[in-house]
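Working notes for the structure below.
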Amino acid sequence: MSGEKLKYLTEIFGACERLAAQVEQIVDAGEFPITIGGDHSIAIGSLSGVVKAYRKRDERLGLIYFDAHADMNTPDTSPSGNIHGMPLAALLGYGAPELVNVGGFAPKFDPRLCAHVGARDIDPGERELVKHLGIRFFTMREIDERGLAKCMDEAIAIAGQGTAGYAVTFDVDALDPGDAPGSGTLVRGGLSYREAHLAMEKIAEDGRMRSLEVVEINTALDINNRTAELGVELILSALGKTIL
């Protein structure tokens, strides 16, 4: 794969630079940024912007990253050349220089302050980088064995080591396709409807989330708007909506 051009690199780089600047302005203005987008490559921009804003205050952020995939490919390991399989690697300082340096600095996060939740489809090259960095992955196997509540408590504790709190990015393919059919990268065996809400409710209860992103909702693939409506519900839960 090395040497082959990444798909839409110029366009994605441009979009991420613009998004980073906009999110930075939102945070600088004292507002809470919510990013809703297409594929997960936009996280390179949105998260660069929020980190940059807090960096100016000498504060650092942790990260909770919900996804069925690791998103830890680099140009050398990617089987497809799709940048939406690379954002977490880029945010940690690995990959194409353009993507790594969005916002004018790198890396964006310390891997020790990052928690990945929901993985069940990881490429061989990604496994190597995950092990090398020691980033904490809560796979679906562990979630099944321990329960999501315990896993989320640990994920929040890891990300919460950031002096300013943490960012949250949620790929709807972390959910089971039965609950969220409207995504282009479906993998069976994901988080249930209730587990996803529990995760968001725990984050809201903790109170240290500083930005929220929901991606990969494809309305053209959705069934009766189920995925889009669930995305809105999850945002509300993350912002504090409760059953009682």
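Simple scheme: letters A, B, ... for chains in structure tokens order, numbers from 1 for residues in each chain, numbers from 1 for ligands in the order shown.
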request  = Tell me, as a list in words, which residues lie within 8 Å of A:Gly134, counting only C-alpha atoms; anything in the same chain fewer than 3 positions away does not count.
outcome  = Pro111, Arg112, Val130 and Lys131 of chain A
Selection above as a file: N, CA, C and O atoms, as a PDB file, in the first residue's frame:
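This is the output file selection10.pdb:
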```
ATOM      1  N   PRO A 111      -1.520   8.704  24.125  1.00  0.00           N
ATOM      2  CA  PRO A 111      -2.258   7.431  24.105  1.00  0.00           C
ATOM      3  C   PRO A 111      -2.673   6.927  25.486  1.00  0.00           C
ATOM      4  O   PRO A 111      -3.651   6.203  25.616  1.00  0.00           O
ATOM      5  N   ARG A 112      -1.956   7.352  26.515  1.00  0.00           N
ATOM      6  CA  ARG A 112      -2.298   6.922  27.881  1.00  0.00           C
ATOM      7  C   ARG A 112      -3.601   7.552  28.372  1.00  0.00           C
ATOM      8  O   ARG A 112      -4.172   7.117  29.369  1.00  0.00           O
ATOM      9  N   VAL A 130      -1.496  -0.548  17.947  1.00  0.00           N
ATOM     10  CA  VAL A 130      -2.223  -0.514  19.218  1.00  0.00           C
ATOM     11  C   VAL A 130      -1.324  -1.049  20.338  1.00  0.00           C
ATOM     12  O   VAL A 130      -1.202  -0.445  21.414  1.00  0.00           O
ATOM     13  N   LYS A 131      -0.655  -2.174  20.067  1.00  0.00           N
ATOM     14  CA  LYS A 131       0.225  -2.766  21.081  1.00  0.00           C
ATOM     15  C   LYS A 131       1.443  -1.887  21.351  1.00  0.00           C
ATOM     16  O   LYS A 131       1.875  -1.735  22.491  1.00  0.00           O
TER      17      LYS A 131
END
```
Find the residues near stretch 27-38 of chain A: any atom within 6 Å, counting only C-alpha atoms, skip ones fewer than 4 places away on the same chain, and give them as a compact mmCIF listing (two decimals) with all heavy atoms, in the first residue's frame.
```txt
# COMPACT_ATOMS: atom_id res chain seq x y z
N SER A 211 -16.29 18.00 24.22
CA SER A 211 -16.79 18.07 22.84
C SER A 211 -17.39 16.72 22.50
O SER A 211 -17.02 15.70 23.09
CB SER A 211 -15.66 18.41 21.85
OG SER A 211 -14.77 17.32 21.70
N LEU A 212 -18.32 16.73 21.54
CA LEU A 212 -19.01 15.50 21.16
C LEU A 212 -19.13 15.45 19.64
O LEU A 212 -19.43 16.47 19.00
CB LEU A 212 -20.40 15.44 21.79
CG LEU A 212 -21.31 14.27 21.39
CD1 LEU A 212 -20.70 12.93 21.80
CD2 LEU A 212 -22.69 14.43 22.03
N GLU A 213 -18.90 14.26 19.10
CA GLU A 213 -19.01 14.06 17.65
C GLU A 213 -19.75 12.75 17.39
O GLU A 213 -19.50 11.76 18.06
CB GLU A 213 -17.60 14.00 17.07
CG GLU A 213 -17.51 13.67 15.61
CD GLU A 213 -16.08 13.81 15.13
OE1 GLU A 213 -15.22 13.00 15.54
OE2 GLU A 213 -15.82 14.75 14.36
N VAL A 214 -20.64 12.76 16.40
CA VAL A 214 -21.32 11.54 15.95
C VAL A 214 -21.15 11.47 14.44
O VAL A 214 -21.47 12.42 13.72
CB VAL A 214 -22.81 11.55 16.33
CG1 VAL A 214 -23.50 10.29 15.79
CG2 VAL A 214 -22.99 11.63 17.84
N VAL A 215 -20.63 10.33 13.96
CA VAL A 215 -20.31 10.20 12.54
C VAL A 215 -20.84 8.89 11.95
O VAL A 215 -21.30 8.01 12.67
CB VAL A 215 -18.79 10.26 12.28
CG1 VAL A 215 -18.21 11.58 12.73
CG2 VAL A 215 -18.07 9.10 12.96
N GLU A 216 -20.73 8.81 10.62
CA GLU A 216 -21.03 7.61 9.83
C GLU A 216 -22.53 7.29 9.73
O GLU A 216 -22.90 6.16 9.41
CB GLU A 216 -20.27 6.38 10.35
CG GLU A 216 -18.77 6.45 10.17
CD GLU A 216 -18.28 6.17 8.75
OE1 GLU A 216 -19.12 5.89 7.87
OE2 GLU A 216 -17.06 6.23 8.53
```
Gap from atom CA of A:Arg226 to atom CA of A:Leu19 - Å, one decimal =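 One can read the atom CA of A:Arg226 to atom CA of A:Leu19 distance as 27.0 Å.
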Counting only C-alpha atoms, the residue of A:Ala164, A:Ile143, A:Ala70, A:Ala204 that sits nearest A:Lys56 =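 Of the candidates, the smallest distance to A:Lys56 is held by A:Ala164.
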Excluding A:Ala15 and any residue of its chain fewer than 6 positions from it, enumerate the residues within 12 Å of it, using only C-alpha atoms, and give them as a compact mmCIF listing (two decimals) with C-alpha atoms, in the first residue's frame.
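The result, stored in selection.txt:
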```txt
# COMPACT_ATOMS: atom_id res chain seq x y z
CA TYR A 8 -9.22 12.04 -1.50
CA LEU A 9 -6.27 13.18 0.65
CA ALA A 21 -10.49 26.22 12.79
CA GLN A 22 -14.27 26.35 13.29
CA GLY A 37 -20.60 14.25 10.06
CA GLY A 38 -20.12 11.72 7.36
CA ASP A 39 -17.14 9.41 7.55
CA SER A 41 -11.98 11.12 8.79
CA ILE A 42 -13.51 14.41 9.98
CA ALA A 43 -12.41 13.54 13.53
CA ILE A 44 -8.90 14.54 12.47
CA GLY A 45 -10.25 18.08 12.04
CA SER A 46 -12.84 18.36 14.80
CA GLU A 98 -0.74 16.30 6.12
CA LEU A 99 -3.21 14.46 8.37
CA VAL A 102 -3.77 19.28 10.83
CA GLY A 103 -4.06 22.37 13.02
```
query = Quick one: DSSP helix (DSSP H, G or I) residues in stretch 44-203 of chain A, as a PyMOL selection string?
reply = chain A and resi 44-55+83-85+87-91+97-100+102-104+111-113+124-133+140-146+148-159+172-174+193-203
